[in-house]
Every structure is written in structure tokens, then in C-alpha cells.
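final.txt follows; it contains compact mmCIF, C-alpha atoms and all ligand atoms.
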# COMPACT_ATOMS: atom_id res chain seq x y z
CA MET A 2 12.26 3.84 22.10
CA LYS A 3 10.93 0.30 21.52
CA ALA A 4 7.90 0.05 19.22
CA PRO A 5 4.74 -1.33 20.86
CA ASP A 6 4.47 -5.12 20.65
CA LYS A 7 1.54 -5.08 18.20
CA ILE A 8 3.52 -3.31 15.50
CA ARG A 9 7.06 -4.43 16.39
CA VAL A 10 8.74 -6.45 13.65
CA LYS A 11 10.02 -9.62 15.32
CA ARG A 12 11.12 -11.59 12.27
CA VAL A 13 14.41 -9.85 11.27
CA PRO A 14 13.79 -6.89 13.61
CA LYS A 15 16.55 -4.75 12.03
CA ARG A 16 14.26 -4.37 9.01
CA GLY A 17 11.53 -2.71 11.07
CA VAL A 18 11.09 1.05 10.70
CA TYR A 19 8.54 3.03 12.67
CA ASP A 20 9.03 6.73 11.97
CA LYS A 21 6.13 8.49 10.32
CA GLU A 22 8.33 10.04 7.65
CA THR A 23 9.34 6.61 6.30
CA ILE A 24 5.84 5.19 6.62
CA TYR A 25 4.35 8.15 4.72
CA ARG A 26 7.08 7.94 2.06
CA ILE A 27 6.37 4.26 1.38
CA LEU A 28 2.61 4.83 1.36
CA ASP A 29 3.12 7.65 -1.12
CA THR A 30 4.97 5.45 -3.59
CA ASP A 31 1.78 3.50 -4.20
CA TYR A 32 -1.98 3.69 -4.30
CA THR A 33 -3.11 0.07 -4.00
CA CYS A 34 -3.42 -1.81 -0.76
CA THR A 35 -5.04 -4.84 0.78
CA VAL A 36 -7.63 -4.20 3.47
CA SER A 37 -8.00 -7.12 5.87
CA PHE A 38 -10.78 -7.64 8.35
CA MET A 39 -12.88 -10.37 9.88
CA HIS A 40 -16.28 -11.02 8.38
CA ARG A 41 -18.61 -13.53 9.98
CA GLY A 42 -15.67 -15.27 11.57
CA VAL A 43 -13.70 -15.50 8.33
CA PRO A 44 -10.60 -13.35 7.58
CA VAL A 45 -10.86 -11.49 4.28
CA GLY A 46 -8.29 -9.40 2.41
CA ILE A 47 -9.68 -7.07 -0.21
CA PRO A 48 -7.49 -5.25 -2.74
CA THR A 49 -8.45 -1.61 -3.22
CA ILE A 50 -7.03 1.87 -3.71
CA TYR A 51 -6.24 4.49 -1.10
CA GLY A 52 -5.18 8.06 -0.67
CA ARG A 53 -3.12 9.52 2.14
CA LYS A 54 -3.59 13.03 3.43
CA GLY A 55 -1.63 13.93 6.53
CA ASN A 56 -2.00 11.14 9.03
CA THR A 57 -5.16 9.74 7.44
CA LEU A 58 -5.71 6.99 4.89
CA TYR A 59 -8.88 7.23 2.81
CA LEU A 60 -10.60 4.24 1.20
CA HIS A 61 -13.62 4.71 -1.01
CA GLY A 62 -16.29 2.49 -2.51
CA ALA A 63 -19.97 2.02 -3.22
CA GLY A 64 -22.06 2.63 -0.14
CA THR A 65 -23.56 -0.81 -0.72
CA SER A 66 -20.24 -2.68 -0.76
CA ARG A 67 -19.63 -5.17 1.99
CA MET A 68 -16.22 -3.70 2.72
CA MET A 69 -17.57 -0.17 3.19
CA LEU A 70 -20.48 -1.36 5.32
CA GLU A 71 -18.22 -3.51 7.50
CA LEU A 72 -15.47 -0.92 7.90
CA ASP A 73 -17.97 1.71 8.97
CA LYS A 74 -18.86 -0.48 11.94
CA GLY A 75 -15.52 0.50 13.48
CA ILE A 76 -14.15 -3.04 13.46
CA ASP A 77 -10.43 -3.75 13.63
CA ILE A 78 -8.80 -3.58 10.22
CA CYS A 79 -5.33 -3.97 8.81
CA VAL A 80 -4.12 -2.21 5.67
CA THR A 81 -1.01 -3.46 3.91
CA VAL A 82 1.03 -1.94 1.09
CA PHE A 83 4.18 -3.30 -0.47
CA ASN A 84 6.57 -2.52 -3.29
CA VAL A 85 9.04 -5.09 -4.58
CA HIS A 86 12.32 -3.52 -5.73
CA ALA A 87 14.40 -6.55 -6.69
CA LEU A 88 14.64 -10.31 -6.91
CA VAL A 89 17.38 -11.43 -4.56
CA LEU A 90 18.99 -14.54 -6.02
CA ALA A 91 21.23 -16.34 -3.57
CA LYS A 92 23.42 -19.37 -4.17
CA SER A 93 21.24 -21.51 -1.95
CA ALA A 94 17.52 -21.86 -2.63
CA PHE A 95 16.94 -21.16 1.07
CA HIS A 96 18.42 -17.64 1.00
CA HIS A 97 16.52 -16.37 -2.02
CA SER A 98 14.58 -13.28 -1.12
CA LEU A 99 13.16 -10.00 -2.37
CA ASN A 100 14.17 -6.43 -1.75
CA TYR A 101 11.06 -4.59 -0.71
CA GLU A 102 9.45 -1.86 1.30
CA SER A 103 6.16 -2.56 3.00
CA VAL A 104 3.80 -0.95 5.47
CA VAL A 105 1.26 -2.50 7.80
CA VAL A 106 -1.33 -0.19 9.37
CA PHE A 107 -3.70 -1.29 12.10
CA GLY A 108 -6.76 0.77 12.91
CA LYS A 109 -10.47 1.22 12.84
CA GLY A 110 -12.37 2.81 10.00
CA LYS A 111 -14.97 5.53 10.17
CA ALA A 112 -17.17 6.83 7.37
CA ILE A 113 -16.55 10.55 6.95
CA ASP A 114 -19.25 13.20 6.74
CA ALA A 115 -20.67 14.29 3.40
CA ASP A 116 -19.00 17.72 3.58
CA GLN A 117 -15.55 16.10 3.83
CA LYS A 118 -16.01 13.68 0.94
CA MET A 119 -14.78 15.95 -1.87
CA ASP A 120 -11.44 16.59 -0.14
CA ALA A 121 -10.98 12.92 0.67
CA LEU A 122 -11.84 11.79 -2.86
CA LYS A 123 -9.39 14.35 -4.22
CA ALA A 124 -6.74 12.79 -1.95
CA VAL A 125 -7.49 9.36 -3.46
CA SER A 126 -7.36 10.80 -6.98
CA ASP A 127 -4.12 12.73 -6.27
CA GLN A 128 -2.53 9.57 -4.90
CA ILE A 129 -2.87 7.96 -8.33
CA LEU A 130 -2.35 10.91 -10.65
CA LYS A 131 -1.80 14.48 -9.49
CA GLY A 132 -3.78 17.03 -11.47
CA ARG A 133 -6.38 14.59 -12.79
CA TRP A 134 -8.99 15.65 -10.24
CA GLU A 135 -8.87 19.24 -11.48
CA GLU A 136 -9.26 18.05 -15.11
CA SER A 137 -12.23 15.78 -14.38
CA ARG A 138 -15.92 16.49 -14.06
CA LEU A 139 -16.22 16.39 -10.31
CA PRO A 140 -18.70 14.08 -8.54
CA ASN A 141 -22.26 15.39 -8.43
CA GLU A 142 -24.55 15.09 -5.44
CA LYS A 143 -25.94 11.72 -6.54
CA GLU A 144 -22.49 10.26 -7.09
CA LEU A 145 -21.25 11.58 -3.76
CA LYS A 146 -24.24 10.08 -2.02
CA ALA A 147 -23.56 6.68 -3.59
CA THR A 148 -19.93 6.75 -2.43
CA THR A 149 -18.74 5.96 1.06
CA VAL A 150 -15.35 7.19 2.16
CA ILE A 151 -13.68 5.54 5.12
CA ALA A 152 -10.94 7.28 7.08
CA ILE A 153 -8.28 5.40 9.03
CA GLU A 154 -5.76 7.17 11.22
CA ILE A 155 -2.17 6.02 10.72
CA ASP A 156 -1.48 5.67 14.43
CA GLU A 157 -0.41 2.03 14.68
CA ALA A 158 1.89 1.38 11.78
CA SER A 159 5.18 -0.25 10.92
CA ALA A 160 7.35 -0.41 7.86
CA LYS A 161 9.69 -3.22 6.90
CA ILE A 162 12.51 -2.73 4.44
CA ARG A 163 14.95 -5.17 2.88
CA THR A 164 17.78 -3.86 0.74
CA GLY A 165 21.09 -5.13 -0.54
CA PRO A 166 22.60 -8.32 -1.96
CA PRO A 167 21.78 -11.90 -1.04
CA SER A 168 23.15 -13.11 2.27
CA ASP A 169 24.47 -16.59 1.63
CA ASP A 170 25.97 -18.92 4.18
CA LYS A 171 29.77 -18.81 4.48
CA ALA A 172 29.94 -22.47 3.50
CA ASP A 173 28.28 -21.68 0.13
CA GLU A 174 30.49 -18.71 -0.76
CA ASN A 175 32.67 -20.61 -3.24
CA LEU A 176 29.91 -22.45 -5.05
CA ALA A 177 30.02 -21.66 -8.79
CA ILE A 178 26.43 -20.45 -8.84
CA TRP A 179 25.49 -16.98 -10.01
CA SER A 180 24.03 -14.82 -7.28
CA GLY A 181 22.95 -11.22 -7.19
CA ILE A 182 19.89 -9.09 -7.53
CA VAL A 183 17.55 -8.30 -10.41
CA PRO A 184 16.23 -4.75 -9.93
CA ILE A 185 12.57 -4.17 -10.74
CA GLU A 186 11.09 -0.89 -11.82
CA LYS A 187 7.41 -0.05 -12.20
CA GLN A 188 6.94 1.59 -15.57
CA TYR A 189 4.04 3.44 -17.14
CA MET A 190 3.68 3.08 -20.89
CA VAL A 191 2.60 5.63 -23.51
CA PRO A 192 -1.01 6.78 -22.79
CA LEU A 193 -3.63 5.57 -25.28
CA PRO A 194 -6.64 7.79 -25.93
CA ALA A 195 -10.14 6.38 -25.54
CA ASP A 196 -12.16 5.83 -28.73
CA ASP A 197 -14.28 8.88 -28.00
CA TYR A 198 -11.19 11.04 -27.62
CA SER A 199 -12.74 13.57 -30.08
CA SER A 200 -10.76 16.75 -30.44
CA ALA A 201 -9.68 17.15 -26.83
CA ASN A 202 -5.99 17.88 -26.32
CA ILE A 203 -3.99 15.43 -24.28
CA ALA A 204 -4.49 16.20 -20.60
CA ASP A 205 -1.64 17.88 -18.73
CA SER A 206 -1.74 15.25 -16.00
CA VAL A 207 -1.05 12.54 -18.60
CA LYS A 208 1.87 14.35 -20.22
CA VAL A 209 4.18 13.08 -17.46
CA PHE A 210 4.09 9.56 -18.95
C1 LIG A 301 6.64 -8.70 -1.09
C2 LIG A 301 6.96 -9.43 0.18
C3 LIG A 301 7.15 -10.80 0.15
C4 LIG A 301 7.45 -11.51 1.32
N1 LIG A 301 7.57 -12.85 1.25
C5 LIG A 301 7.72 -13.56 2.39
C6 LIG A 301 7.74 -14.99 2.38
O1 LIG A 301 7.65 -15.64 1.34
N2 LIG A 301 7.85 -15.64 3.56
C7 LIG A 301 7.93 -14.99 4.74
O2 LIG A 301 8.01 -15.62 5.80
N3 LIG A 301 7.94 -13.64 4.79
C8 LIG A 301 7.82 -12.92 3.64
N4 LIG A 301 7.81 -11.54 3.69
C9 LIG A 301 7.98 -10.90 5.00
C10 LIG A 301 6.62 -10.86 5.70
O3 LIG A 301 5.93 -9.69 5.30
C11 LIG A 301 6.73 -10.84 7.21
O4 LIG A 301 7.48 -9.74 7.64
C12 LIG A 301 7.34 -12.11 7.78
O5 LIG A 301 6.74 -13.27 7.21
C13 LIG A 301 7.15 -12.19 9.27
O6 LIG A 301 5.79 -12.31 9.55
P1 LIG A 301 5.32 -12.45 11.06
O7 LIG A 301 3.84 -12.40 11.15
O8 LIG A 301 6.05 -13.61 11.69
O9 LIG A 301 5.91 -11.06 11.58
P2 LIG A 301 6.26 -10.46 12.95
O10 LIG A 301 7.62 -9.91 12.86
O11 LIG A 301 5.90 -11.35 14.10
O12 LIG A 301 5.19 -9.25 12.90
C14 LIG A 301 4.94 -8.44 14.00
C15 LIG A 301 4.45 -7.10 13.49
O13 LIG A 301 5.50 -6.52 12.71
C16 LIG A 301 4.94 -5.80 11.64
N5 LIG A 301 5.34 -6.38 10.34
C17 LIG A 301 5.61 -7.67 10.05
N6 LIG A 301 5.91 -7.80 8.75
C18 LIG A 301 5.81 -6.59 8.22
C19 LIG A 301 5.99 -6.09 6.92
N7 LIG A 301 6.36 -6.88 5.89
N8 LIG A 301 5.82 -4.78 6.71
C20 LIG A 301 5.48 -3.94 7.70
N9 LIG A 301 5.30 -4.35 8.97
C21 LIG A 301 5.46 -5.66 9.21
C22 LIG A 301 3.43 -5.86 11.80
O14 LIG A 301 3.00 -4.75 12.53
C23 LIG A 301 3.27 -7.15 12.58
O15 LIG A 301 2.05 -7.19 13.26
C24 LIG A 301 7.55 -10.81 2.55
C25 LIG A 301 7.37 -9.42 2.57
C26 LIG A 301 7.07 -8.74 1.41
C27 LIG A 301 6.87 -7.26 1.46
Kindly present the structure from the file in C-alpha cells form.
Amino acid sequence: MKAPDKIRVKRVPKRGVYDKETIYRILDTDYTCTVSFMHRGVPVGIPTIYGRKGNTLYLHGAGTSRMMLELDKGIDICVTVFNVHALVLAKSAFHHSLNYESVVVFGKGKAIDADQKMDALKAVSDQILKGRWEESRLPNEKELKATTVIAIEIDEASAKIRTGPPSDDKADENLAIWSGIVPIEKQYMVPLPADDYSSANIADSVKVF
């Protein structure tokens, strides 16, 4: 079945992927996104963090932030996430590229009710580091009140994936220029305790690094 025009990848269409399983998988490899929306006639793209639970993306922020106030108006928004997996170095400058996986989600935001905030904030926390929520002092009433959580349904979404070696022109094949890919891996380093670490044992959630 053809994807709806709004989300259909036209530029190199073979790279477009629309199944929920792939879109969720890519979203779950990250926790930062750019949220784009129009504000007073000007397009803005704001970097922020997200959590996914089921078919819902959660964004959180101060109730006074422009982004939260604007998104709660139910305006059209676009959330993008991308991971770069390799530099793709072709023989020609023109065919240089990147291997990547990206997701674009269109939707409208809606601030969730107070009684749903804890679950949604846990989803955001879990997205970054599983187990940390349970180790933390959980938000109190005042903190919850000061925090807005916006939910966006992942109903209009596409993924785009590029993999593999460079694709040079036939005419350039014999040029004595190195070509290939340089894989990139995101790496966490050894955790460093805060100054006020005191006598607390290292947290279980952090032991994975
Ligand atoms: C890290 C990274 C770097 C890139 N660098 C460049 C670059 O330098 N120049 C360049 O032209 N392109 C680049 N791309 C590809 C770029 O994201 C677009 O796919 C491409 O520019 C076509 O844009 P368009 O608006 O013409 O897309 P169209 O194909 O017309 O888009 C139609 C619809 O397809 C979907 N779509 C388009 N692109 C994506 C995507 N990347 N992920 C998920 N859904 C998508 C959206 O729903 C969009 O509304 C890069 C992608 C990534 C992830």
C-alpha cells in the first residue's frame, strides 16, 4: 500500500520505511529530537528530549516554556530524530553521503492530565536510562505542577534509512581515490560521581556503562 503523500519519501523513495515496528525501533535508539512548529509566522526547531510509550511520544518542559504553551494549543508540529551510522566517502565529491536512520513524525500535541504525568515522565526517564526513575526521588506535587507533558500520537510518521557503500558513477570507478565508509558508534564513557557522592554505592542503572 502506498504511504499517504504527506509522509511519503519522494527523494530516493526506496529509502522510505513506514511500518510502525521500524519507526518505533529507530525512535527507541535515541532520546533527543527536534520539535518544529510555527510561532508568530516564523518556523522554529527546538531540540529536546522525548520518551515513547506505545504509539505515543511524550515531551516535557516547564509549564512556562514557549514550546509547551504553543504545543498545548494543538498546532501542527513535526518531530524529527536521526542517527548517523557512517560517513560515506565516495570518489566524487557529489556522491559523498551518510548512512543514517531517521524518523519524521507529524502530529498535534496535547497536554496530558495531572494523573497521567508520572507514567509519562517515567517513559521519558526510561528512554534515556532504564532503572534510573526507580532510583530517583520522584517528582513531588509542586514539581509535577510546574511540569507540562505533551503527548503526540505517532500516526503520521515515516522513516528513512540509508545503508551500504558509496554509489559512485561508473565513469569514476577507476579513479585512484580511496572510497568507503567510516562507521560511527555512539559511546558512553566511564561514569563520574558528583562531588557530593558521599557514601552512596554506584547506582545499578549506571553499572551498564
Ligand atoms: C543526518 C542526515 C543528513 C542529511 N543530509 C542531507 C543533505 O545534506 N542534503 C539533502 O538534500 N538531504 C539530506 N538528508 C536527507 C533529508 O533528510 C531528506 O530526506 C532529503 O533532503 C529530501 O527532503 P525533501 O523535503 O525533498 O523530502 P521529500 O522526500 O519530498 O519528503 C516527503 C516526506 O518524506 C518524509 N521524509 C523525508 N525525509 C525524511 C527523513 N530523512 N526521515 C524520515 N522521513 C523523511 C517526510 O514525511 C516528508 O514530509 C539527510 C538526512 C539525514 C538523516
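Once segment 46-61 of chain A and its same-chain neighbours fewer than 4 positions away are set aside, Tyr32, Thr33, Cys34, Thr35, Val36, Ser37, Ala124, Val125, Gln128, Thr149, Val150, Ile151, Ala152, Ile153, Glu154 and Ile155 of chain A remain within 6 Å of it when counting all atoms listed in the file.
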Give as a PDB file with C-alpha atoms, in the coordinates of the input every residue, naming chains and numbers as the document does, that has an atom within 10 Å of (15.3, -7.2, 3.8), counting all atoms listed in the file.
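And here's out.pdb as it stands now:
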ATOM      1  CA  VAL A  13      14.410  -9.850  11.270  1.00  0.00           C
ATOM      2  CA  PRO A  14      13.790  -6.890  13.610  1.00  0.00           C
ATOM      3  CA  LYS A  15      16.550  -4.750  12.030  1.00  0.00           C
ATOM      4  CA  ARG A  16      14.260  -4.370   9.010  1.00  0.00           C
ATOM      5  CA  GLY A  17      11.530  -2.710  11.070  1.00  0.00           C
ATOM      6  CA  VAL A  89      17.380 -11.430  -4.560  1.00  0.00           C
ATOM      7  CA  SER A  98      14.580 -13.280  -1.120  1.00  0.00           C
ATOM      8  CA  LEU A  99      13.160 -10.000  -2.370  1.00  0.00           C
ATOM      9  CA  ASN A 100      14.170  -6.430  -1.750  1.00  0.00           C
ATOM     10  CA  TYR A 101      11.060  -4.590  -0.710  1.00  0.00           C
ATOM     11  CA  GLU A 102       9.450  -1.860   1.300  1.00  0.00           C
ATOM     12  CA  LYS A 161       9.690  -3.220   6.900  1.00  0.00           C
ATOM     13  CA  ILE A 162      12.510  -2.730   4.440  1.00  0.00           C
ATOM     14  CA  ARG A 163      14.950  -5.170   2.880  1.00  0.00           C
ATOM     15  CA  THR A 164      17.780  -3.860   0.740  1.00  0.00           C
ATOM     16  CA  GLY A 165      21.090  -5.130  -0.540  1.00  0.00           C
ATOM     17  CA  PRO A 166      22.600  -8.320  -1.960  1.00  0.00           C
ATOM     18  CA  PRO A 167      21.780 -11.900  -1.040  1.00  0.00           C
ATOM     19  CA  SER A 168      23.150 -13.110   2.270  1.00  0.00           C
TER      20      SER A 168
END
Between atom CA of Ala172 of chain A and atom CA of Leu88 of chain A, distance in Å (one decimal): 22.1 Å
Within 10 Å of ligand LIG 301 (chain A) (counting all atoms listed in the file), which residues show up? I'd like them as an mmCIF file with C-alpha atoms, keeping the file's coordinate frame.
data_model
loop_
_atom_site.group_PDB
_atom_site.id
_atom_site.type_symbol
_atom_site.label_atom_id
_atom_site.label_comp_id
_atom_site.auth_asym_id
_atom_site.auth_seq_id
_atom_site.Cartn_x
_atom_site.Cartn_y
_atom_site.Cartn_z
ATOM 1 C CA ALA A 4 7.900 0.050 19.220
ATOM 2 C CA PRO A 5 4.740 -1.330 20.860
ATOM 3 C CA ASP A 6 4.470 -5.120 20.650
ATOM 4 C CA LYS A 7 1.540 -5.080 18.200
ATOM 5 C CA ILE A 8 3.520 -3.310 15.500
ATOM 6 C CA ARG A 9 7.060 -4.430 16.390
ATOM 7 C CA VAL A 10 8.740 -6.450 13.650
ATOM 8 C CA LYS A 11 10.020 -9.620 15.320
ATOM 9 C CA ARG A 12 11.120 -11.590 12.270
ATOM 10 C CA VAL A 13 14.410 -9.850 11.270
ATOM 11 C CA PRO A 14 13.790 -6.890 13.610
ATOM 12 C CA ARG A 16 14.260 -4.370 9.010
ATOM 13 C CA GLY A 17 11.530 -2.710 11.070
ATOM 14 C CA VAL A 18 11.090 1.050 10.700
ATOM 15 C CA TYR A 19 8.540 3.030 12.670
ATOM 16 C CA ILE A 24 5.840 5.190 6.620
ATOM 17 C CA CYS A 79 -5.330 -3.970 8.810
ATOM 18 C CA VAL A 80 -4.120 -2.210 5.670
ATOM 19 C CA THR A 81 -1.010 -3.460 3.910
ATOM 20 C CA VAL A 82 1.030 -1.940 1.090
ATOM 21 C CA PHE A 83 4.180 -3.300 -0.470
ATOM 22 C CA ASN A 84 6.570 -2.520 -3.290
ATOM 23 C CA VAL A 85 9.040 -5.090 -4.580
ATOM 24 C CA HIS A 86 12.320 -3.520 -5.730
ATOM 25 C CA ALA A 87 14.400 -6.550 -6.690
ATOM 26 C CA HIS A 97 16.520 -16.370 -2.020
ATOM 27 C CA SER A 98 14.580 -13.280 -1.120
ATOM 28 C CA LEU A 99 13.160 -10.000 -2.370
ATOM 29 C CA ASN A 100 14.170 -6.430 -1.750
ATOM 30 C CA TYR A 101 11.060 -4.590 -0.710
ATOM 31 C CA GLU A 102 9.450 -1.860 1.300
ATOM 32 C CA SER A 103 6.160 -2.560 3.000
ATOM 33 C CA VAL A 104 3.800 -0.950 5.470
ATOM 34 C CA VAL A 105 1.260 -2.500 7.800
ATOM 35 C CA VAL A 106 -1.330 -0.190 9.370
ATOM 36 C CA PHE A 107 -3.700 -1.290 12.100
ATOM 37 C CA GLU A 157 -0.410 2.030 14.680
ATOM 38 C CA ALA A 158 1.890 1.380 11.780
ATOM 39 C CA SER A 159 5.180 -0.250 10.920
ATOM 40 C CA ALA A 160 7.350 -0.410 7.860
ATOM 41 C CA LYS A 161 9.690 -3.220 6.900
ATOM 42 C CA ILE A 162 12.510 -2.730 4.440
ATOM 43 C CA ARG A 163 14.950 -5.170 2.880
#
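Of note, atom CA of Phe38 of chain A and atom CA of Asp77 of chain A are spaced 6.6 Å apart.
If you measure from each of A:Arg41, A:Lys109, A:Lys187, A:Arg133 to Ile203 of chain A using only C-alpha atoms, the closest one turns out to be A:Arg133.
Look at Glu135 of chain A: the protein and nucleic acid residues within 12 Å of it, using all atoms listed in the file and passing over chain neighbours fewer than 2 places away, are Met119, Asp120, Leu122, Lys123, Ala124, Ser126, Asp127, Leu130, Lys131, Gly132, Arg133, Ser137, Arg138, Leu139, Pro140, Ala204, Asp205 and Ser206 of chain A.
Around Thr65 of chain A, within 9 Å and counting only C-alpha atoms, the residues found are Leu70, Ala147, Thr148 and Thr149 of chain A, once anything fewer than 5 positions away on its own chain is removed.
Here atom CA of Phe210 of chain A is placed at a distance of 15.9 Å from atom CA of Thr30 of chain A.
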For Gly75 of chain A: contacts at 9 Å, only C-alpha atoms, fewer than 5 positions along chain excluded, given as a ChimeraX atom specification: /A:108-112
Output file for the residues above (C-alpha atoms, as a CSV table (one decimal), in the coordinates of the input):
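Final output, saved to selection31.csv:
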chain,number,residue,atom,x,y,z
A,108,GLY,CA,-6.8,0.8,12.9
A,109,LYS,CA,-10.5,1.2,12.8
A,110,GLY,CA,-12.4,2.8,10.0
A,111,LYS,CA,-15.0,5.5,10.2
A,112,ALA,CA,-17.2,6.8,7.4
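Those residues that approach segment 189-196 of chain A to within 10 Å, counting all atoms listed in the file, are Glu186, Lys187, Tyr198, Ser199, Ala201, Ile203, Val207, Lys208, Val209 and Phe210 of chain A; same-chain residues fewer than 2 positions away are not listed.
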